[in-house]
Each structure stands twice: as C-alpha cells, then as structure tokens.
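S.K.: This is the content of run_32.txt (compact mmCIF, C-alpha atoms):
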```
# COMPACT_ATOMS: atom_id res chain seq x y z
CA MET A 19 0.00 0.00 0.00
CA ASN A 20 1.49 3.31 -1.11
CA LYS A 21 1.46 5.59 1.92
CA PHE A 22 1.23 8.77 -0.17
CA PHE A 23 -1.52 10.29 -2.34
CA SER A 24 -1.27 12.52 -5.39
CA ILE A 25 -2.91 15.93 -5.39
CA HIS A 26 -5.48 14.49 -7.82
CA GLN A 27 -6.48 11.82 -5.27
CA VAL A 28 -6.75 14.40 -2.49
CA CYS A 29 -8.90 16.66 -4.68
CA LYS A 30 -11.24 13.79 -5.56
CA SER A 31 -11.70 12.55 -1.98
CA CYS A 32 -12.09 16.03 -0.51
CA GLY A 33 -14.25 17.46 -3.28
CA LEU A 34 -11.95 20.44 -3.82
CA SER A 35 -10.15 21.81 -6.83
CA ARG A 36 -6.41 21.70 -7.29
CA SER A 37 -6.28 25.49 -7.05
CA THR A 38 -8.06 25.38 -3.67
CA ILE A 39 -5.59 22.82 -2.31
CA LEU A 40 -2.72 25.01 -3.48
CA ARG A 41 -4.42 28.09 -2.00
CA ILE A 42 -4.66 26.32 1.37
CA GLU A 43 -0.97 25.50 1.13
CA GLY A 44 -0.17 29.08 0.16
CA ARG A 45 -1.93 30.26 3.32
CA GLY A 46 0.42 28.10 5.37
CA LEU A 47 -2.40 25.80 6.54
CA LEU A 48 -1.18 22.65 4.81
CA LYS A 49 2.24 21.17 4.17
CA PRO A 50 2.57 18.13 1.88
CA ALA A 51 4.02 15.07 3.56
CA PHE A 52 6.66 14.91 0.83
CA VAL A 53 7.77 17.02 -2.12
CA ASP A 54 9.99 15.35 -4.70
CA PRO A 55 13.15 17.48 -4.77
CA LYS A 56 13.77 16.64 -8.46
CA THR A 57 10.30 17.09 -9.94
CA GLY A 58 8.59 19.29 -7.36
CA VAL A 59 5.62 16.88 -7.34
CA ARG A 60 3.63 17.06 -4.10
CA TRP A 61 2.63 13.94 -2.17
CA TYR A 62 0.16 13.82 0.73
CA ASP A 63 -0.63 11.39 3.54
CA VAL A 64 -3.73 10.52 5.60
CA LEU A 65 -3.13 13.32 8.11
CA ASN A 66 -2.96 15.81 5.24
CA VAL A 67 -6.35 14.57 4.01
CA CYS A 68 -7.83 14.82 7.53
CA GLN A 69 -6.62 18.40 7.76
CA VAL A 70 -7.98 19.33 4.31
CA THR A 71 -11.45 17.96 5.13
CA GLN A 72 -11.49 19.90 8.40
CA ILE A 73 -10.40 23.11 6.65
CA LYS A 74 -13.17 22.52 4.09
CA LEU A 75 -15.69 22.24 6.93
CA PHE A 76 -14.41 25.40 8.63
CA LEU A 77 -14.64 27.32 5.36
CA SER A 78 -18.22 26.08 4.82
CA MET A 79 -19.08 27.40 8.30
CA GLY A 80 -17.94 30.85 7.31
CA MET A 81 -14.60 30.84 9.11
CA SER A 82 -11.91 32.96 7.53
CA TYR A 83 -8.43 31.69 6.71
CA ASP A 84 -7.16 33.81 9.61
CA ASP A 85 -9.64 32.05 11.97
CA ILE A 86 -8.45 28.65 10.77
CA ALA A 87 -4.80 29.64 11.13
CA LEU A 88 -5.51 30.74 14.72
CA TYR A 89 -7.19 27.38 15.42
CA TYR A 90 -4.13 25.41 14.31
CA ARG A 91 -1.62 27.83 15.81
CA SER A 92 -3.20 27.50 19.25
CA ASN A 93 -4.05 23.78 18.96
CA GLY A 94 -7.69 24.70 19.51
CA THR A 95 -7.17 26.68 22.72
CA SER A 96 -7.73 30.30 21.69
CA ARG A 97 -10.07 32.42 23.81
CA GLU A 98 -10.39 34.82 20.90
CA LEU A 99 -11.52 32.03 18.59
CA LEU A 100 -13.98 30.71 21.18
CA THR A 101 -15.71 34.09 21.16
CA ARG A 102 -16.02 33.99 17.37
CA VAL A 103 -17.39 30.45 17.48
CA GLU A 104 -20.03 31.41 20.04
CA GLU A 105 -21.43 33.90 17.52
CA LYS A 106 -22.08 31.01 15.09
CA TYR A 107 -23.07 28.51 17.79
CA LEU A 108 -25.82 26.70 15.88
CA HIS A 109 -23.43 25.86 13.03
CA PHE A 110 -20.31 25.38 15.16
CA LYS A 111 -21.84 23.42 18.06
CA TRP A 112 -19.46 20.49 18.16
CA THR A 113 -16.40 22.55 17.33
CA TYR A 114 -17.39 24.96 20.09
CA GLU A 115 -17.67 22.19 22.66
CA GLU A 116 -14.31 20.75 21.65
CA ILE A 117 -12.50 24.07 22.07
CA LYS A 118 -14.32 25.04 25.26
CA LEU A 119 -13.60 21.70 26.90
CA ARG A 120 -9.88 22.07 26.21
CA LEU A 121 -9.88 25.59 27.58
CA ASP A 122 -11.86 24.98 30.78
CA LYS A 123 -10.39 21.63 31.87
CA GLN A 124 -12.64 21.77 34.95
CA GLU A 125 -15.25 19.10 34.22
CA PRO A 126 -13.75 16.10 32.38
CA LEU A 127 -17.22 14.84 31.37
CA SER A 128 -20.45 16.52 30.31
CA PHE A 129 -23.73 14.81 29.38
CA GLU A 130 -26.52 15.77 27.00
CA PHE A 131 -29.17 14.41 24.65
CA LEU A 132 -28.68 14.91 20.93
CA ASP A 133 -30.20 13.80 17.64
CA LEU A 134 -27.84 11.72 15.54
CA PRO A 135 -28.32 12.13 11.78
CA GLU A 136 -28.47 9.25 9.34
CA TYR A 137 -24.92 8.15 8.56
CA VAL A 138 -23.86 6.58 5.27
CA CYS A 139 -20.49 5.02 6.05
CA TYR A 140 -17.58 3.15 4.62
CA ALA A 141 -17.28 0.60 7.43
CA ARG A 142 -15.07 -2.28 8.50
CA ARG A 143 -15.65 -4.82 11.25
CA ALA A 144 -12.60 -5.71 13.34
CA ARG A 145 -11.55 -7.29 16.60
CA GLY A 146 -8.92 -5.94 18.98
CA THR A 147 -8.05 -4.91 22.50
CA THR A 148 -6.51 -1.47 22.77
CA SER A 149 -7.49 2.02 21.66
CA GLU A 150 -4.26 2.11 19.67
CA GLU A 151 -5.45 -0.91 17.66
CA HIS A 152 -8.75 0.84 17.02
CA TYR A 153 -6.86 3.92 15.87
CA TRP A 154 -4.71 2.04 13.36
CA THR A 155 -7.67 0.08 11.99
CA MET A 156 -9.42 3.40 11.40
CA TYR A 157 -6.26 4.92 9.91
CA GLN A 158 -5.95 2.10 7.38
CA LEU A 159 -9.65 2.25 6.52
CA TYR A 160 -9.45 6.02 5.98
CA HIS A 161 -6.45 5.46 3.72
CA LYS A 162 -8.40 2.90 1.69
CA ALA A 163 -11.38 5.27 1.37
CA VAL A 164 -9.12 7.92 -0.15
CA GLU A 165 -7.55 5.36 -2.50
CA LYS A 166 -11.03 4.33 -3.69
CA GLY A 167 -11.98 7.95 -4.32
CA TYR A 168 -14.89 7.99 -1.88
CA ARG A 169 -16.25 11.45 -1.04
CA LEU A 170 -15.58 12.06 2.65
CA LEU A 171 -18.22 13.88 4.72
CA ALA A 172 -16.29 16.62 6.48
CA SER A 173 -19.20 17.72 8.67
CA GLU A 174 -19.31 14.48 10.69
CA PRO A 175 -16.56 12.83 12.73
CA LEU A 176 -15.19 9.34 12.27
CA PHE A 177 -16.53 6.91 14.83
CA VAL A 178 -16.11 3.41 16.27
CA ILE A 179 -19.07 1.27 17.31
CA LYS A 180 -18.17 -0.93 20.28
CA GLU A 181 -20.33 -4.06 20.31
CA ARG A 182 -20.53 -4.23 24.10
CA THR A 183 -23.09 -3.42 26.78
CA ASP A 184 -21.14 -4.14 29.98
CA PHE A 185 -20.48 -0.42 30.54
CA ILE A 186 -24.19 0.00 31.34
CA LYS A 187 -23.53 -1.93 34.58
CA GLY A 188 -20.24 -0.10 35.17
CA GLU A 189 -18.24 -3.24 34.33
CA PHE A 190 -16.38 -2.09 31.22
CA LYS A 191 -12.66 -2.87 31.12
CA GLU A 192 -10.22 -3.04 28.27
CA GLN A 193 -10.27 -6.49 26.70
CA GLU A 194 -10.48 -8.06 23.26
CA GLU A 195 -13.71 -6.88 21.64
CA ASP A 196 -15.61 -6.66 18.37
CA TYR A 197 -15.95 -3.17 16.93
CA ILE A 198 -16.83 -1.42 13.68
CA CYS A 199 -14.85 1.50 12.25
CA CYS A 200 -17.08 3.95 10.37
CA ILE A 201 -16.14 6.77 7.99
CA PRO A 202 -19.12 9.00 7.05
CA LEU A 203 -19.43 9.67 3.32
CA GLU A 204 -21.43 12.14 1.29
CA PRO A 205 -24.70 10.21 0.69
CA ASP A 206 -25.20 11.30 -2.92
CA SER A 207 -21.90 9.78 -4.02
CA ALA A 208 -21.61 6.82 -1.61
CA PRO A 209 -20.72 3.41 -3.12
CA GLU A 210 -22.96 0.34 -2.98
CA GLU A 211 -20.81 -1.17 -0.23
CA ALA A 212 -21.60 1.72 2.11
CA VAL A 213 -23.49 0.92 5.33
CA VAL A 214 -26.43 3.07 6.45
CA TYR A 215 -27.00 3.84 10.13
CA PRO A 216 -30.48 5.37 10.64
CA ALA A 217 -31.03 8.66 12.42
CA CYS A 218 -31.76 8.23 16.12
CA ARG A 219 -31.96 9.91 19.50
CA GLY A 220 -28.77 9.59 21.53
CA PHE A 221 -27.46 10.22 25.02
CA SER A 222 -23.98 11.66 24.89
CA CYS A 223 -20.90 12.12 27.02
CA LEU A 224 -18.33 14.68 25.91
CA ALA A 225 -15.00 13.59 27.37
CA TYR A 226 -11.67 15.36 27.75
CA GLY A 227 -8.44 13.33 27.97
CA ASP A 228 -6.43 10.66 26.20
CA TYR A 229 -7.86 7.36 25.01
CA ALA A 230 -6.49 5.54 28.05
CA HIS A 231 -9.44 7.02 29.97
CA VAL A 232 -12.07 5.55 27.64
CA PRO A 233 -13.00 2.69 30.05
CA GLU A 234 -13.74 5.07 32.93
CA MET A 235 -15.57 7.42 30.54
CA LEU A 236 -17.77 4.56 29.36
CA ASN A 237 -18.52 3.40 32.89
CA ALA A 238 -19.42 6.98 33.84
CA LEU A 239 -21.75 7.13 30.85
CA GLY A 240 -23.33 3.84 31.92
CA ARG A 241 -23.83 5.15 35.45
CA GLU A 242 -25.58 8.25 34.10
CA ILE A 243 -27.80 6.10 31.89
CA ARG A 244 -28.83 3.97 34.90
CA THR A 245 -29.45 7.04 37.05
CA ARG A 246 -31.72 8.60 34.43
CA GLY A 247 -33.55 5.33 33.74
CA LEU A 248 -32.72 5.41 30.02
CA ARG A 249 -33.16 2.39 27.73
CA PRO A 250 -30.30 1.89 25.22
CA ALA A 251 -31.39 1.17 21.66
CA GLY A 252 -28.03 0.26 20.18
CA TYR A 253 -24.30 -0.09 20.79
CA VAL A 254 -22.19 2.80 22.01
CA ARG A 255 -20.37 4.93 19.45
CA VAL A 256 -17.03 6.57 20.14
CA LEU A 257 -16.73 9.70 17.98
CA GLY A 258 -13.16 10.80 17.94
CA LEU A 259 -9.92 11.09 15.97
CA VAL A 260 -9.90 14.76 16.90
CA ALA A 261 -6.12 14.88 17.21
CA PRO A 262 -5.25 15.02 13.47
CA TYR A 263 -7.63 17.97 13.08
CA VAL A 264 -5.62 20.23 15.36
CA GLY A 265 -2.15 19.26 14.25
CA ARG A 266 0.26 16.37 14.50
CA ASP A 267 1.86 17.33 17.80
CA ILE A 268 -1.14 17.85 20.07
CA SER A 269 -0.77 16.13 23.43
CA PRO A 270 -2.99 13.05 23.95
CA ASN A 271 -4.10 14.72 27.18
CA SER A 272 -5.87 17.32 25.02
CA TYR A 273 -7.93 14.84 23.00
CA VAL A 274 -11.69 15.31 22.99
CA SER A 275 -14.04 12.37 22.37
CA ARG A 276 -17.81 12.09 22.26
CA LEU A 277 -19.40 8.85 23.43
CA VAL A 278 -22.99 8.37 22.24
CA VAL A 279 -25.51 5.64 23.03
CA PRO A 280 -28.71 5.45 20.94
CA VAL A 281 -31.65 5.48 23.37
CA GLU A 282 -35.39 4.84 23.14
CA GLY A 283 -37.82 7.74 23.13
```
Can the structure from this file be put into structure tokens for me?
M.R.:
Amino acid sequence: MNKFFSIHQVCKSCGLSRSTILRIEGRGLLKPAFVDPKTGVRWYDVLNVCQVTQIKLFLSMGMSYDDIALYYRSNGTSRELLTRVEEKYLHFKWTYEEIKLRLDKQEPLSFEFLDLPEYVCYARRARGTTSEEHYWTMYQLYHKAVEKGYRLLASEPLFVIKERTDFIKGEFKEQEEDYICCIPLEPDSAPEEAVVYPACRGFSCLAYGDYAHVPEMLNALGREIRTRGLRPAGYVRVLGLVAPYVGRDISPNSYVSRLVVPVEG
C-alpha cells in the first residue's frame, strides 16, 4: 500500500479543486508530507487529508483563513476564537464544545441528549483490545477510502461502534472486543458497499483526555444512563480522531471524544 496520495487523489476525496488545495498551502495551513526534490511533485498522507477535510468544513461554516490559522496555531485553545465560534453557535456546536472543553479543563465529562443524523459510512468490522489498535484500523480504513476515491463527509466525525453493553452496569474494562470502524461519506456519491445507520436519539458524554481514559468514561456514561432510567437502543459509538484535526503534535491529554448511546424515546 502506497502511503502517499497525489494531489489528484486528495482533490477527488475532498471534493476540492487543485487550485483550492494550493491556495490552502499558500496560506500556510497545509504542508505536503513529501515534495519530490527533483520534480517538485507534491505527495500527501492521511493526516494531510484529515486536515484538508477539516479546513473545508471550517470554510463552509464561514470561518476565515485567519480564523483557521488561529485554530491550528493555538491547537484549539484560543479564547479569541472561542468568542467567534459562540457567535455562530448553531453551526459550530461540536467545534465549540471541543475548544471550550480544552480551555476549561474543569469538568472532564459533560452529558446531553442529541439527535444523531443518518450516517452513510464506509465501514469495517474488526476485533482488537486497545485504543491504539482501534486507531490504526481506522487509519488504514481512511487510507483505503481515499484510494477508492470515496467522497468524505467533512461535517461528521469518524466513529467506532463498540459491540458491548457491559459499561451499562459499570463493568467495562479493556479487553479483546468486536468493533466497527465507520467513515461517514457524502450520501449522494456513496458506493454500494456503504453501510447506512439510521437517524436516532442519543445520550452523549463529551470527554476530555487521552484514550487511556475511555474505560472510565464509558462506565461513567453507563452510570448516568442507569441514574436517568434510560433504555439503550443500540451499541455505544465513540466519535473521535480529533487529534489530526488540530495538528500532529497535540498532546494526547488534550484529545476530545464524544461517546454516544442510541436510546429509546
């Protein structure tokens, strides 16, 4: 598997023109993973594609290039940017929560109900033990999606479905498990192999911290579900992979994940 992509492949997967990709580079927001010193040909990797899709989303929300540069420069911890995001709260809701959680660092968990949209996903079932294994399965799947030319849906995060219910009783611990990696695609151009997850009501936990804390986050979510008398209607989803969106060097302690359980009613 070639670890690099051509600018043509990036343009096709991200739904952007070559001139836009070059404009993003010219603004200092994107640096190719490799530039051939002899030919000057640019080559990109998965993290480059992640960053381009996030920049595309920010631009669609009305953020300026200066806003986006501030986001990356501060690794998502700018008070000035938070104020700007608050003004567009309805469109920036998840981005707002991500930034605010990093800034406050007071409450590691917050709970809320939300409506999950229908997801059309490029998905792969896998089995593993650690969060790192989940990450690399997702990384490889994302790479394959770009190779196939699938149109990535920038407005929704990647997510993992954990096929377990033991967290509801507060008994979740890291062990070998079945899970499904899901990459949301633009519905109008999704391939036949795509999997559809219907829209549903969900109960959510927004969590601050590295993936090592996922077991305690899940057990806390289960405790809240029991306390509120909620009835799960599906397996828990871990919406994450936030780190590539704010740069390659962000500390794992600054990760933000959203855990969501579909619920009845």
S.K.: Looking at all atoms listed in the file, which of A:Pro209, A:Pro135, A:Pro202, A:Gly247 is the one that sits closest to Gly167 of chain A?
M.R.: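 Of all the options, A:Pro209 lies closest to Gly167 of chain A.
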S.K.: Pick from A:Val70, A:Leu127, A:Leu40, A:Ile86: nearest to Gly227 of chain A, with all atoms listed in the file counted?
M.R.: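 Using all atoms listed in the file, the shortest distance to Gly227 of chain A belongs to A:Leu127.
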S.K.: Any idea what the distance is between atom CA of Lys162 of chain A and atom CA of Thr148 of chain A?
M.R.: 21.6 Å
S.K.: Counting all atoms listed in the file, which of A:Ile186, A:Cys218, A:Ala225, A:Leu132 gets nearest to Arg249 of chain A?
M.R.: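 Of the candidates, the smallest distance to Arg249 of chain A is held by A:Ile186.
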S.K.: Show me, as JSON, numbers by chain, the residues that have an atom within 12 Å of Arg142 of chain A when counting only C-alpha atoms, minus same-chain residues fewer than 4 positions from it.
M.R.: {"A": [152, 155, 156, 157, 158, 159, 160, 162, 163, 177, 178, 179, 196, 197, 198, 199, 200, 201, 211, 212, 213]}
S.K.: For a quick check of understanding, using only C-alpha atoms, which of A:Lys74, A:Lys180, A:Lys118, A:Arg244 has the smallest distance to Gly33 of chain A?
M.R.: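 Answer, going by the shortest atom-to-atom distance: A:Lys74.
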